[in-house]
Each structure stands twice: as structure tokens, then as C-alpha cells.
Amino acid sequence: MTGYKQVPGLVEVREVFGETTLVVERERLNEAALYLRDKLGFNYLADIAGADYLGWGGEVAGSWGSDGGRDLNVPYTHGPSLVAEPKPKRFSLSYHLLALRDEPLRLRLQTWLDDGETAASAVEVWPAADWLEREVFDLLGIVFEGHPNLVRILTPDDWEGHPLRKDYPVGGEPVRFSEEA
Amino acid sequence: MKATKMSSVLSGPALYKGTKIPSPVPSWLQVDEARREDGNVIQVNFGPNHPSTHGVLRLVVDLDGEEVVGMRAVIGYLHTGFEKSMEQKSWWKAINYPSRIDYLSSFQNEMVFVLAIEKLLGIEVPPKATWVRMALSELNRIHSHLIWLGTMGLELGVQSMYMYCFEQRENVLDLFEMVTGVRVHGRYCQAGGLAEDIPPAFVDEARAYCRNFRKLIGEYERLTWQNKMWQRRTQGIGIVSAEDAIRLGLSGPNLRGSGLNWDIRKREPYLFYDQVDFDVPVYEAGDCDARARVRIDEMRESLRIAEQSLDKIEQLAGEPWIADERKVVLPPREELQTSMESLIHHFKLVSEGYRVPAGEVYVPIEGPRGEEGCYVVSDGGAKPWRVHFRAPSFLAIAAAPTLCQQHLIADLIAISASLDTLMGDSDR
């Protein structure tokens, strides 16, 4: 864990479920990426996963917790905490990195951003980021500054909205010819 | 050619100087402007319904004569929004979805999602369930590699291969049918273990299959490595160096074909892979031939792992196959007639589902196509907040333009086949 102290823009290091998460400032994402690749040997970008936390911690998916103490009438309050911790911003971007060497090491590089904020593209750091960033842009609407070809990839080019956002309705896509029926 | 011992990970040879990855867009080989002005370059749409693209993949190819001078891939024709759908379902209903994403490694995709749930729950899986998962994972790998070999043969003009492979593939599916009741989308994994006990006859049937199939691998090798047509169309075609393969995010057999001794089963063991004896085939040429050889050798290793797992399953006959954790696992059927508490648990689990502690995890496993990863976020509720799959095919298709440079249009078919991509996997 001490090895991550020097990472540019470091906000916090978390060790949960045996996985290390490195939260960095959005503005210094690229610096942090370069540092991790060149100084710490994270040469392999396995995945970029974005997530939308709109409505997080509310009544959406149920979140009884153990804050009020043990209550046998409320299930699970005697088990592990089920309280969803508040999140700093709406979107998270998680870069799952791997140091591909004899003693492999995995790391989650994470940054947080609000709607309308952009992240720096990592294509120059790891070419694998090309399509992975396009996917995040397509499904969550996060813009990657400096990406050489940021267009939709999984949905059609003229698709409206970003399906993996929490305010995008399920089954709400327009059906062709429906108004002509 | 073949690296025999467990060599260092980064021992891949320098197959060419520098990098071949196109710039500025790594997944887009753009035509040289001077060349386009010559007027000899024509743009051809390869797909999306071309039979050799294994699904619906569209390649926009710029050709100068027969030579590929520009290329980009267009995907998304099979996008069905699985990740969004899974957010709407309770955890145990969502287990149905992953096997539809990569439908050739259906069991392993289902398992990686269940492993992620189990990691969040902190639930311990009984050893028998883990050994069954390993045996089925390896049979699943054989199944996937057989489809790859059959269709690659079809495309390279070794058409009898297709029939031989699909016959054997049916036999693997028969084993799956025996265990799960259906051929492909079994939904046999359950958080905490398995959906039901393995049938008593499975071990013998699977052993007979392994015995028989081991002989056939030699036949496949004769049909490929001794076949001039196969050799000419794969050797020296689609070379990618170890360094470029890492930068492009290639994984699994595609990495091992470039001389990298990287296998998640060995390097970051999950299940009981650290307790079985198997080798990791590695070839150094980095071409289509090397990637194909890795996969055929891998089928042999899968048989070895499967047979060792079958021995363990036999020893553990009568042992529990699911964790005794009533807040997550359905109670035994017979208890429902006599125990009120079991009935309540059953009702709660089926109607509302179990709750999973808040947190985020990423679980990678070695699938037939490479690193299958599952990123899961839970808010402590009965439904996943976010599920994301790391699709090995997605990154392999993005890498195709790097491999296709200075090759002919016919090589394009061999290259896309040798990357073993699956559109269901890449489009999700």
C-alpha cells in the first residue's frame, strides 16, 4: 500500500474484499495512469467499467442497514453492514489494471465525475482503452477528452440517450413505425 | 518453437521492431493518403452477414487489389443490453443472463458472475461444488475450442474438420444436458454451490468421453498440422508481438500464441486450479498457426484437469454440493413439507431474493477466449446495482487491424478466425 503514496492526484487507497482501489482526482487521471504504467509496472489494462450512482443509497433497491443497531425484526441487521456508503459524485470510472509479470498484481484505478464533466483519454497510455472508452461513452455518456475516435460502438450511431444511466428507462426505447399504426 | 518449462512471463520474442499498432486510432487502420489518391483503393463491406465472421461483425476494409490497406471493425449488431437487464433482476434471477452473453463458454460466464456474488457475500463453497465447477469449466473450454476449430477449418478449406468437431461438441453438450437438463444455458451455478447434485452416472460418462476424446485430438492435429492448405494459410499470417499483444489487451490463447506464459489458472489460481497438475502450452511465433496450436494443446490439458476433478468428485460422493447458508441458499425441497421456517425462507428467497453486502468486486477467470472478468457493484439490496463484463472478444476484435496489416483479403478470414472472437461476447 505504501507504494501508492507517490501516485499523482491520489485521494485515497482502499483495501476491500482483497482488492486494492486507488481513487485519484479526475483532473490528474492521465498523470496517475502514466505513473502506474511506467513506475509501478501496470502494463495491462484489463477493463474500464463505468457506473452511474444516481439514486444510490435511497429506497431504489432496498438498503436497510445496521446503523440503528441489531433489530431482529429487520432482516440482515445482525449481519455485515448493508448500508451503502455515500458516493462523492454521480459517475465512477474504474480502470482494472494488471501488472503482467511473474508476481502479478491487480489494481482498480478509480475516479469520480459529475454529469457533464470529462475524463482524460487513456488511449495514449494503453491502446486497449480505445474501444473500452467508446463503450463507456456510448452506454453512460461520459466524454473522454483527447480520444481520437469517440463515437458510439454498441448502439446505433443515431441512438438517443445512454442506456446504462439510471434515469434511462427500461423498455423505453422508441419502437419503429409505432406512430403509424 | 514450443516453450516447455514455466518460463518468465515476459519472455516473448521480439517478432518485429517497434509496434504495429495503428496511430492515432489503435483500432482503425487508416489508408495512406498518397495511396488513396492513386485511385486503386476500393472500400469493401465485409459482413455484417458474412458467414465467416461468426455472428454479425462488419469489417470495413480498404483494398488495393487483394491487399488490405485499411480496416476498421463495426460491432454492436448483437447488443441486447444484458448489463442493463441484469440491474432489473434479483441476484439469483440475474444468474440466467451471463450464459447468454458468451454462449459458447456459457458455463464459465455464469460461474464468473456467481464467483463475484460469492466474493461479496463472503460465503464458503463446499469442495465438491468447486470440483464440479472445475470439471464443467474444462468441458466447457473443450466445447468452445471445438467450435472454434470446426469453424476455422471450414473457413480455411478443411471442411471435414467442421463435422468431426461438431460431432464431439454434441457429446460434450450431452454431458451438460445430463447435469443441467439443457444443452447450453444450464444455469447450474448457484451462489453457494450448485443448483442440484451432480447425477451419479456423470463421472463414468465424463471419463468415457475424456478417454475417447484424447485419441481424437491426434486426429485433429493430423488434419491441421499435416495439411498443406492449413499450414500455408496460417503460418506467418497475422503476427503480433508479445509487447503489442499486452498493449492491445489481448488475453488467453492469443497471448500465449505470442510467447507469453500467462494463464490466470496458473498465475492467480481460483477454484482449485492450484491443486491440479497441468501445463500451459505456449508458442512463440505469434501467428495464426501459433494461436491455433495453443488451443489444440489446451484441449489436452483441459482433459487432464477434468479427469483429476472427476476423481475428486467421485471421492466426495454424498458430500454437500451447496453451502448451508439459509439466508442465501434455497432450503432442501423435502423440508418444505415439514418445516415452517424452511417454507418462509423459501418464500423470501424466491419472491424477494437475497441481499448482498454493499461493495464492488472484479473477478477475472481464464475463459476459453481469454480473461473473462466480472465487475459487480452492490448497494446492499436484492438486485445488482451494476454488472459489467470484461469481454475478451471485444478487445480481440479491436486488435484485428493491427494483425491484418500487409496481408491479403483471404488472410483476413484466417486472422479473424484465429482470434476466436464471438459476437455475443463482444456486443453483450
# chains A, B, ... in the order shown; residues from 1 in each chain; ligands from 1
>>> residues_around(residues="A:Trp126", least_positions_apart="2", cutoff="8 Å", atoms="only C-alpha atoms", output="list in words")
Asn43, Tyr44, Leu45, Ala122, Val123, Glu124, Ala128 and Ala129 of chain A; Arg247 and Leu248 of chain B
>>> write_last_selection(atoms="C-alpha atoms", output="PDB file, in the first residue's frame")
ATOM      1  CA  ASN A  43       1.338  -2.618 -18.273  1.00  0.00           C
ATOM      2  CA  TYR A  44      -2.018  -4.270 -18.955  1.00  0.00           C
ATOM      3  CA  LEU A  45      -5.399  -2.559 -18.987  1.00  0.00           C
ATOM      4  CA  ALA A 122      -6.033   6.783 -21.720  1.00  0.00           C
ATOM      5  CA  VAL A 123      -5.561   5.646 -25.330  1.00  0.00           C
ATOM      6  CA  GLU A 124      -2.032   7.029 -25.378  1.00  0.00           C
ATOM      7  CA  ALA A 128      -6.645  -1.149 -25.317  1.00  0.00           C
ATOM      8  CA  ALA A 129      -8.557   1.820 -23.903  1.00  0.00           C
TER       9      ALA A 129
ATOM     10  CA  ARG B 247      -0.792  -3.163 -25.088  1.00  0.00           C
ATOM     11  CA  LEU B 248      -3.853  -4.191 -27.080  1.00  0.00           C
TER      12      LEU B 248
END
>>> residues_around(residues="B:Arg267", least_positions_apart="3", cutoff="8 Å", atoms="only C-alpha atoms", output="list in words")
Asp102, Glu103 and Pro104 of chain A; Trp262, Asp263 and Ile264 of chain B
>>> select_by_dssp(residues="stretch 174-246 of chain B", states="helix (DSSP H, G or I)", output="ChimeraX atom specification")
/B:174-180,202-225,228-234,242-246
>>> write_last_selection(atoms="N, CA and C atoms", output="tab-separated table (two decimals), in the first residue's frame")
chain	number	residue	atom	x	y	z
B	174	ASP	N	-24.09	-33.31	-24.53
B	174	ASP	CA	-24.85	-34.40	-23.89
B	174	ASP	C	-24.51	-34.49	-22.41
B	175	LEU	N	-23.21	-34.31	-22.09
B	175	LEU	CA	-22.81	-34.33	-20.69
B	175	LEU	C	-23.47	-33.18	-19.93
B	176	PHE	N	-23.48	-32.01	-20.56
B	176	PHE	CA	-24.12	-30.86	-19.91
B	176	PHE	C	-25.61	-31.10	-19.74
B	177	GLU	N	-26.21	-31.74	-20.73
B	177	GLU	CA	-27.64	-32.00	-20.64
B	177	GLU	C	-27.94	-32.95	-19.48
B	178	MET	N	-27.04	-33.90	-19.32
B	178	MET	CA	-27.21	-34.85	-18.23
B	178	MET	C	-27.16	-34.13	-16.87
B	179	VAL	N	-26.28	-33.15	-16.77
B	179	VAL	CA	-26.10	-32.47	-15.50
B	179	VAL	C	-27.18	-31.41	-15.27
B	180	THR	N	-27.42	-30.58	-16.27
B	180	THR	CA	-28.27	-29.42	-16.05
B	180	THR	C	-29.68	-29.58	-16.60
B	202	PHE	N	-22.73	-39.31	-14.02
B	202	PHE	CA	-21.94	-38.31	-14.74
B	202	PHE	C	-20.46	-38.66	-14.79
B	203	VAL	N	-19.93	-39.10	-13.64
B	203	VAL	CA	-18.48	-39.31	-13.57
B	203	VAL	C	-18.03	-40.35	-14.60
B	204	ASP	N	-18.76	-41.46	-14.68
B	204	ASP	CA	-18.37	-42.50	-15.63
B	204	ASP	C	-18.51	-42.04	-17.08
B	205	GLU	N	-19.62	-41.37	-17.34
B	205	GLU	CA	-19.85	-40.88	-18.70
B	205	GLU	C	-18.76	-39.88	-19.11
B	206	ALA	N	-18.44	-38.98	-18.18
B	206	ALA	CA	-17.44	-37.97	-18.50
B	206	ALA	C	-16.07	-38.61	-18.69
B	207	ARG	N	-15.76	-39.63	-17.87
B	207	ARG	CA	-14.47	-40.32	-18.03
B	207	ARG	C	-14.39	-41.00	-19.39
B	208	ALA	N	-15.50	-41.65	-19.78
B	208	ALA	CA	-15.51	-42.32	-21.08
B	208	ALA	C	-15.30	-41.29	-22.19
B	209	TYR	N	-15.92	-40.13	-22.02
B	209	TYR	CA	-15.76	-39.08	-23.02
B	209	TYR	C	-14.30	-38.65	-23.11
B	210	CYS	N	-13.69	-38.42	-21.95
B	210	CYS	CA	-12.29	-37.96	-21.94
B	210	CYS	C	-11.37	-38.99	-22.61
B	211	ARG	N	-11.59	-40.26	-22.28
B	211	ARG	CA	-10.76	-41.33	-22.87
B	211	ARG	C	-10.86	-41.32	-24.38
B	212	ASN	N	-12.08	-41.23	-24.85
B	212	ASN	CA	-12.33	-41.28	-26.28
B	212	ASN	C	-11.80	-40.03	-26.97
B	213	PHE	N	-12.01	-38.90	-26.34
B	213	PHE	CA	-11.68	-37.65	-27.00
B	213	PHE	C	-10.17	-37.44	-27.11
B	214	ARG	N	-9.44	-37.98	-26.13
B	214	ARG	CA	-7.99	-37.79	-26.16
B	214	ARG	C	-7.39	-38.35	-27.45
B	215	LYS	N	-7.93	-39.47	-27.90
B	215	LYS	CA	-7.43	-40.07	-29.14
B	215	LYS	C	-7.73	-39.18	-30.34
B	216	LEU	N	-8.91	-38.53	-30.27
B	216	LEU	CA	-9.32	-37.74	-31.43
B	216	LEU	C	-8.49	-36.49	-31.62
B	217	ILE	N	-7.91	-35.98	-30.53
B	217	ILE	CA	-7.12	-34.76	-30.67
B	217	ILE	C	-5.97	-35.01	-31.65
B	218	GLY	N	-5.39	-36.21	-31.58
B	218	GLY	CA	-4.34	-36.56	-32.53
B	218	GLY	C	-4.83	-36.50	-33.97
B	219	GLU	N	-6.07	-36.90	-34.16
B	219	GLU	CA	-6.66	-36.84	-35.50
B	219	GLU	C	-6.77	-35.40	-35.98
B	220	TYR	N	-7.23	-34.54	-35.06
B	220	TYR	CA	-7.35	-33.12	-35.44
B	220	TYR	C	-5.99	-32.56	-35.82
B	221	GLU	N	-4.99	-33.00	-35.07
B	221	GLU	CA	-3.65	-32.47	-35.35
B	221	GLU	C	-3.18	-32.92	-36.73
B	222	ARG	N	-3.49	-34.17	-37.06
B	222	ARG	CA	-3.09	-34.63	-38.40
B	222	ARG	C	-3.83	-33.85	-39.48
B	223	LEU	N	-5.09	-33.51	-39.21
B	223	LEU	CA	-5.87	-32.77	-40.20
B	223	LEU	C	-5.41	-31.32	-40.35
B	224	THR	N	-4.68	-30.85	-39.36
B	224	THR	CA	-4.26	-29.45	-39.44
B	224	THR	C	-2.76	-29.32	-39.66
B	225	TRP	N	-1.98	-29.87	-38.73
B	225	TRP	CA	-0.52	-29.64	-38.85
B	225	TRP	C	0.08	-30.39	-40.03
B	228	LYS	N	-1.23	-29.18	-45.86
B	228	LYS	CA	-0.51	-28.08	-46.51
B	228	LYS	C	-1.37	-26.82	-46.58
B	229	MET	N	-2.66	-27.02	-46.87
B	229	MET	CA	-3.54	-25.87	-47.02
B	229	MET	C	-3.64	-25.08	-45.72
B	230	TRP	N	-3.86	-25.82	-44.64
B	230	TRP	CA	-3.95	-25.17	-43.33
B	230	TRP	C	-2.64	-24.45	-43.01
B	231	GLN	N	-1.51	-25.15	-43.25
B	231	GLN	CA	-0.21	-24.57	-42.92
B	231	GLN	C	0.04	-23.28	-43.67
B	232	ARG	N	-0.20	-23.33	-45.01
B	232	ARG	CA	0.10	-22.15	-45.82
B	232	ARG	C	-0.76	-20.95	-45.43
B	233	ARG	N	-1.96	-21.25	-44.99
B	233	ARG	CA	-2.87	-20.13	-44.69
B	233	ARG	C	-2.72	-19.61	-43.26
B	234	THR	N	-1.94	-20.29	-42.44
B	234	THR	CA	-1.81	-19.80	-41.06
B	234	THR	C	-0.39	-19.41	-40.70
B	242	ALA	N	4.59	-10.00	-28.52
B	242	ALA	CA	4.11	-10.08	-27.14
B	242	ALA	C	3.83	-8.68	-26.59
B	243	GLU	N	4.70	-7.75	-26.92
B	243	GLU	CA	4.54	-6.40	-26.39
B	243	GLU	C	3.27	-5.74	-26.90
B	244	ASP	N	3.03	-5.89	-28.22
B	244	ASP	CA	1.81	-5.32	-28.78
B	244	ASP	C	0.57	-6.02	-28.22
B	245	ALA	N	0.67	-7.33	-28.03
B	245	ALA	CA	-0.48	-8.08	-27.53
B	245	ALA	C	-0.89	-7.57	-26.15
B	246	ILE	N	0.10	-7.26	-25.32
B	246	ILE	CA	-0.20	-6.73	-23.99
B	246	ILE	C	-0.83	-5.36	-24.11
>>> residues_around(residues="B:Gly150", least_positions_apart="2", cutoff="9 Å", atoms="only C-alpha atoms", output="PyMOL selection string")
chain B and resi 145-148+152-155+158-166
>>> closest_residue(among="B:Asp274, B:Glu366, B:Asp287, B:Asp62", to="B:Gln108", atoms="only C-alpha atoms")
B:Glu366
